[in-house]
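*Asks:* I have a structure here, written as structure tokens, and I will follow up with some questions on it.
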Amino acid sequence: MEITVIGELCNDVFVYGETKRLSPEAPVPVFNPLHTEINPGMAGNVVENLKFLLPDGDIVHWSQHNKIEKTRYVEKKSNHMFLRLDDGETNISKVELTEERIGELSNFNIVIVSDYDKGFMTNDDLLTIGKNSKMSILDSKRKLSKEIVNSFTFVKLNEKESLQNSDLLECKNILVTLGSKGTKFNDEVYPSPNPQETIDVSGAGDTFTASFILKYIETGDIKSSIIWANQMSSIVVSKRGVATP
């Protein structure tokens with residue numbers, strides 16, 4: 001199976017440490033780092049989930065040239081995040097949608113667009129990608145138009161993003177993830193079959209997107225695909241950091 005993922009790539013850096021005292025200079029805790037974990041993030045996490053769920057898949061990632069890094073400082077015992085530093089998100093390079101690349105889109109079994117709205121893609125780019133793909137899913141952080149939504153097979157939004165796009169929820173191809181409550185599709189909520197205690201929600205949406213579209217292309221059944229994706233996401237939120245099922 002050939003899949004292309006289109007979207008911004010970053011390094012997700014988790015610096016785990018401990019805090020045992022307050023600073024004498026200001027009323028803030030002193031953070032002592034213990035160890036660091038680095039994972040591909042943003043659309044890169046979608047790719048990692050696809051590799052886990054479909055080890056034999058042929059996966060291509062179109063991303064920006066600039067380096068983006070998100071560093072989180074996390075108290076190891078409680079998993080409380082003290083600070084997140086983002087670097088490299090300004091003036092990132094734009095997606096190169098040449099005629100050759102646009103023509104390639106129809107050759108892929110699945111096109112996944114993970115749009116963080118950092119300038120990598122424009123509304124016109126999204127339309128072009130959606131209209132030229134056979135099977136596609138869009139996970140976007142931006143305010144969408146009805147034309148963009150209708151150009152994709154599916155659109156995945158979280159609860160906050162759905163409020164931003166409330167005027168579009170009448171569209172029949174929108175999936176709204178609701179955390180531990182499950183996923184809403186066409187006014188029906190599909191609960192998670194095995195909700196887990198939430199340790200860290202980082203990357204759970206990426207897991208849902210990858211799991212859902214892979215199960216859907218296999219079965220053609222939306223209900224079973226949502227339930228499967230809910231199950232995979234519930235596994236991820238029970239782990240620290242950005243993880244795969």
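Chain labels A, B, ... are given in the sequence in which chains occur in the structure tokens; within each chain residues are numbered consecutively from 1, and ligands are likewise numbered from 1 in the order shown.
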For stretch 145-179 of chain A against stretch 104-120 of chain A, with a cut-off of 10 Å and counting only C-alpha atoms, what is the closest atom pair and its distance in Å to one decimal for every residue that makes the cut, ordered by chain and number, as a tab-separated table?
*Replies:*
residue	atom	partner	partner_atom	distance
A:Phe152	CA	A:Val111	CA	9.4
A:Thr153	CA	A:Val111	CA	9.7
A:Phe154	CA	A:Ile112	CA	9.7
A:Val155	CA	A:Val113	CA	9.4
A:Lys156	CA	A:Ser114	CA	9.7
*Asks:* Restrict the calculation to only C-alpha atoms, then for each residue of stretch 59-93 of chain A with any atom at most 12 Å from an atom of stretch 13-32 of chain A give the closest atom pair and their distance in Å to one decimal, rows by chain and rising residue number, as a tab-separated table.
*Replies:*
residue	atom	partner	partner_atom	distance
A:Ile68	CA	A:Val13	CA	10.7
A:Glu69	CA	A:Val13	CA	7.2
A:Lys70	CA	A:Val13	CA	5.9
A:Thr71	CA	A:Val13	CA	4.5
A:Arg72	CA	A:Phe14	CA	4.9
A:Tyr73	CA	A:Val15	CA	4.9
A:Val74	CA	A:Tyr16	CA	4.9
A:Glu75	CA	A:Gly17	CA	5.1
A:Lys76	CA	A:Tyr16	CA	5.2
A:Lys77	CA	A:Glu18	CA	7.5
A:Ser78	CA	A:Glu18	CA	9.4
A:Asn79	CA	A:Tyr16	CA	8.3
A:His80	CA	A:Tyr16	CA	9.7
A:Met81	CA	A:Tyr16	CA	9.1
A:Phe82	CA	A:Phe31	CA	8.7
A:Leu83	CA	A:Val15	CA	10.0
A:Arg84	CA	A:Phe14	CA	9.2
A:Leu85	CA	A:Val13	CA	9.6
A:Asp86	CA	A:Val13	CA	10.0
A:Asp87	CA	A:Val13	CA	11.3
*Asks:* With N, CA, C and O atoms retained, could you export that selection as a PDB file, in the first residue's frame?
*Replies:*
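Now in result37.pdb:
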ATOM      1  N   ILE A  68      11.937  22.416  12.890  1.00  0.00           N
ATOM      2  CA  ILE A  68      11.051  22.860  13.968  1.00  0.00           C
ATOM      3  C   ILE A  68      11.310  21.964  15.174  1.00  0.00           C
ATOM      4  O   ILE A  68      11.419  20.748  15.044  1.00  0.00           O
ATOM      5  N   GLU A  69      11.421  22.580  16.337  1.00  0.00           N
ATOM      6  CA  GLU A  69      11.654  21.802  17.556  1.00  0.00           C
ATOM      7  C   GLU A  69      10.746  22.300  18.669  1.00  0.00           C
ATOM      8  O   GLU A  69      10.638  23.501  18.904  1.00  0.00           O
ATOM      9  N   LYS A  70      10.079  21.356  19.329  1.00  0.00           N
ATOM     10  CA  LYS A  70       9.218  21.668  20.475  1.00  0.00           C
ATOM     11  C   LYS A  70       9.785  20.949  21.689  1.00  0.00           C
ATOM     12  O   LYS A  70       9.802  19.712  21.727  1.00  0.00           O
ATOM     13  N   THR A  71      10.240  21.737  22.652  1.00  0.00           N
ATOM     14  CA  THR A  71      10.884  21.155  23.832  1.00  0.00           C
ATOM     15  C   THR A  71       9.990  21.337  25.050  1.00  0.00           C
ATOM     16  O   THR A  71       9.608  22.458  25.385  1.00  0.00           O
ATOM     17  N   ARG A  72       9.668  20.236  25.696  1.00  0.00           N
ATOM     18  CA  ARG A  72       8.811  20.251  26.876  1.00  0.00           C
ATOM     19  C   ARG A  72       9.632  19.849  28.096  1.00  0.00           C
ATOM     20  O   ARG A  72      10.372  18.859  28.053  1.00  0.00           O
ATOM     21  N   TYR A  73       9.468  20.598  29.180  1.00  0.00           N
ATOM     22  CA  TYR A  73      10.131  20.277  30.446  1.00  0.00           C
ATOM     23  C   TYR A  73       9.080  19.701  31.385  1.00  0.00           C
ATOM     24  O   TYR A  73       8.128  20.392  31.776  1.00  0.00           O
ATOM     25  N   VAL A  74       9.258  18.422  31.716  1.00  0.00           N
ATOM     26  CA  VAL A  74       8.211  17.665  32.396  1.00  0.00           C
ATOM     27  C   VAL A  74       8.746  17.062  33.696  1.00  0.00           C
ATOM     28  O   VAL A  74       9.815  16.434  33.701  1.00  0.00           O
ATOM     29  N   GLU A  75       8.001  17.256  34.772  1.00  0.00           N
ATOM     30  CA  GLU A  75       8.349  16.621  36.053  1.00  0.00           C
ATOM     31  C   GLU A  75       8.045  15.132  35.930  1.00  0.00           C
ATOM     32  O   GLU A  75       6.907  14.734  35.643  1.00  0.00           O
ATOM     33  N   LYS A  76       9.063  14.305  36.109  1.00  0.00           N
ATOM     34  CA  LYS A  76       8.948  12.885  35.778  1.00  0.00           C
ATOM     35  C   LYS A  76       7.907  12.160  36.621  1.00  0.00           C
ATOM     36  O   LYS A  76       7.127  11.353  36.105  1.00  0.00           O
ATOM     37  N   LYS A  77       7.850  12.430  37.893  1.00  0.00           N
ATOM     38  CA  LYS A  77       6.971  11.677  38.791  1.00  0.00           C
ATOM     39  C   LYS A  77       5.504  11.959  38.511  1.00  0.00           C
ATOM     40  O   LYS A  77       4.682  11.045  38.421  1.00  0.00           O
ATOM     41  N   SER A  78       5.147  13.227  38.360  1.00  0.00           N
ATOM     42  CA  SER A  78       3.745  13.609  38.179  1.00  0.00           C
ATOM     43  C   SER A  78       3.342  13.762  36.718  1.00  0.00           C
ATOM     44  O   SER A  78       2.148  13.851  36.406  1.00  0.00           O
ATOM     45  N   ASN A  79       4.327  13.826  35.803  1.00  0.00           N
ATOM     46  CA  ASN A  79       4.119  14.109  34.378  1.00  0.00           C
ATOM     47  C   ASN A  79       3.550  15.514  34.157  1.00  0.00           C
ATOM     48  O   ASN A  79       2.945  15.799  33.128  1.00  0.00           O
ATOM     49  N   HIS A  80       3.776  16.401  35.109  1.00  0.00           N
ATOM     50  CA  HIS A  80       3.344  17.795  34.981  1.00  0.00           C
ATOM     51  C   HIS A  80       4.328  18.551  34.092  1.00  0.00           C
ATOM     52  O   HIS A  80       5.536  18.528  34.316  1.00  0.00           O
ATOM     53  N   MET A  81       3.773  19.230  33.055  1.00  0.00           N
ATOM     54  CA  MET A  81       4.628  20.001  32.163  1.00  0.00           C
ATOM     55  C   MET A  81       4.796  21.413  32.708  1.00  0.00           C
ATOM     56  O   MET A  81       3.831  22.143  32.892  1.00  0.00           O
ATOM     57  N   PHE A  82       6.050  21.830  32.961  1.00  0.00           N
ATOM     58  CA  PHE A  82       6.343  23.155  33.478  1.00  0.00           C
ATOM     59  C   PHE A  82       6.456  24.197  32.372  1.00  0.00           C
ATOM     60  O   PHE A  82       6.070  25.349  32.552  1.00  0.00           O
ATOM     61  N   LEU A  83       6.985  23.776  31.225  1.00  0.00           N
ATOM     62  CA  LEU A  83       7.269  24.755  30.174  1.00  0.00           C
ATOM     63  C   LEU A  83       7.388  24.056  28.836  1.00  0.00           C
ATOM     64  O   LEU A  83       7.874  22.925  28.764  1.00  0.00           O
ATOM     65  N   ARG A  84       6.923  24.731  27.773  1.00  0.00           N
ATOM     66  CA  ARG A  84       7.166  24.254  26.418  1.00  0.00           C
ATOM     67  C   ARG A  84       7.774  25.376  25.608  1.00  0.00           C
ATOM     68  O   ARG A  84       7.243  26.485  25.567  1.00  0.00           O
ATOM     69  N   LEU A  85       8.896  25.079  24.950  1.00  0.00           N
ATOM     70  CA  LEU A  85       9.589  26.043  24.100  1.00  0.00           C
ATOM     71  C   LEU A  85       9.479  25.593  22.646  1.00  0.00           C
ATOM     72  O   LEU A  85       9.896  24.479  22.309  1.00  0.00           O
ATOM     73  N   ASP A  86       8.915  26.434  21.783  1.00  0.00           N
ATOM     74  CA  ASP A  86       8.798  26.130  20.357  1.00  0.00           C
ATOM     75  C   ASP A  86       9.785  26.986  19.575  1.00  0.00           C
ATOM     76  O   ASP A  86       9.864  28.199  19.788  1.00  0.00           O
ATOM     77  N   ASP A  87      10.493  26.356  18.660  1.00  0.00           N
ATOM     78  CA  ASP A  87      11.494  27.080  17.878  1.00  0.00           C
ATOM     79  C   ASP A  87      11.416  26.650  16.418  1.00  0.00           C
ATOM     80  O   ASP A  87      11.284  25.456  16.118  1.00  0.00           O
TER      81      ASP A  87
END
*Asks:* Residues within 10 Å of stretch 227-230 of chain A, please, as a compact mmCIF listing (two decimals) with C-alpha atoms, in the first residue's frame. Count only C-alpha atoms; anything in the same chain fewer than 4 positions from it doesn't count.
*Replies:*
# COMPACT_ATOMS: atom_id res chain seq x y z
CA THR A 177 -12.75 13.36 18.40
CA LEU A 178 -14.04 13.93 21.94
CA GLY A 179 -11.20 12.55 24.07
CA SER A 180 -12.30 9.83 26.49
CA LYS A 181 -15.93 10.24 25.32
CA GLY A 182 -15.10 8.80 21.90
CA THR A 183 -15.74 10.22 18.44
CA TYR A 190 -19.03 6.21 19.07
CA PRO A 191 -17.52 5.59 22.54
CA SER A 192 -14.06 4.21 23.09
CA PRO A 193 -14.31 0.45 23.66
CA ASN A 194 -11.60 0.54 26.32
CA PRO A 195 -11.01 4.04 27.74
CA ALA A 204 -3.34 11.07 20.20
CA GLY A 205 -5.00 12.82 17.26
CA THR A 207 -2.87 8.03 16.11
CA PHE A 208 -6.60 8.37 15.49
CA THR A 209 -6.08 9.73 11.98
CA ALA A 210 -3.65 6.99 10.95
CA SER A 211 -5.66 4.18 12.57
CA PHE A 212 -9.00 5.30 11.18
CA ILE A 213 -7.99 5.71 7.55
CA LEU A 214 -6.02 2.42 7.48
CA LYS A 215 -8.96 0.48 8.90
CA TYR A 216 -11.40 2.24 6.57
CA ILE A 222 -16.92 3.75 9.07
CA LYS A 223 -18.26 2.44 12.39
CA SER A 234 -6.84 5.18 24.17
CA ILE A 235 -3.63 3.14 24.28
*Asks:* Report, in Å with one decimal, the straight-line distance from atom CA of A:Thr90 to atom CA of A:Ile129.
*Replies:* 23.3 Å
*Asks:* Give me the residues within 8 Å of A:Leu50 as a list in words, counting only C-alpha atoms and dropping any in the same chain fewer than 3 places off.
*Replies:*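 Listed by chain and then number, they are Val46, Val47, Leu53, Leu54, Pro55, Gly57, Ile59, Ala210 and Ser211 of chain A.
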*Asks:* In stretch 4-179 of chain A, what's strand (DSSP E) per DSSP? Answer as a ChimeraX atom specification?
*Replies:* /A:4-7,9-22,29-42,58-62,69-75,80-87,110-115,136-140,154-158,174-177
*Asks:* Which is closest to A:Leu138 among A:Asp187, A:Glu159, A:Glu96, A:Asp206, if we use only C-alpha atoms?
*Replies:*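 Once distances to A:Leu138 are computed over only C-alpha atoms, the minimum belongs to A:Asp206.
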*Asks:* By how many Å are atom CA of A:Asn49 and atom CA of A:Leu175 apart?
*Replies:*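 According to the coordinates, atom CA of A:Asn49 and atom CA of A:Leu175 are separated by 18.8 Å.
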*Asks:* Could you pull out the helix (DSSP H, G or I) residues of stretch 71-244 of chain A, going by DSSP on the backbone, and write them as an NGL selection string?
*Replies:* :A and (99-105 or 123-131 or 146-151 or 159-164 or 166-168 or 179-181 or 204-219 or 222-236)
*Asks:* If I take atom CA of A:Leu126 and atom CA of A:Ile38, how far is one from the other in Å, to one decimal?
*Replies:* 29.3 Å
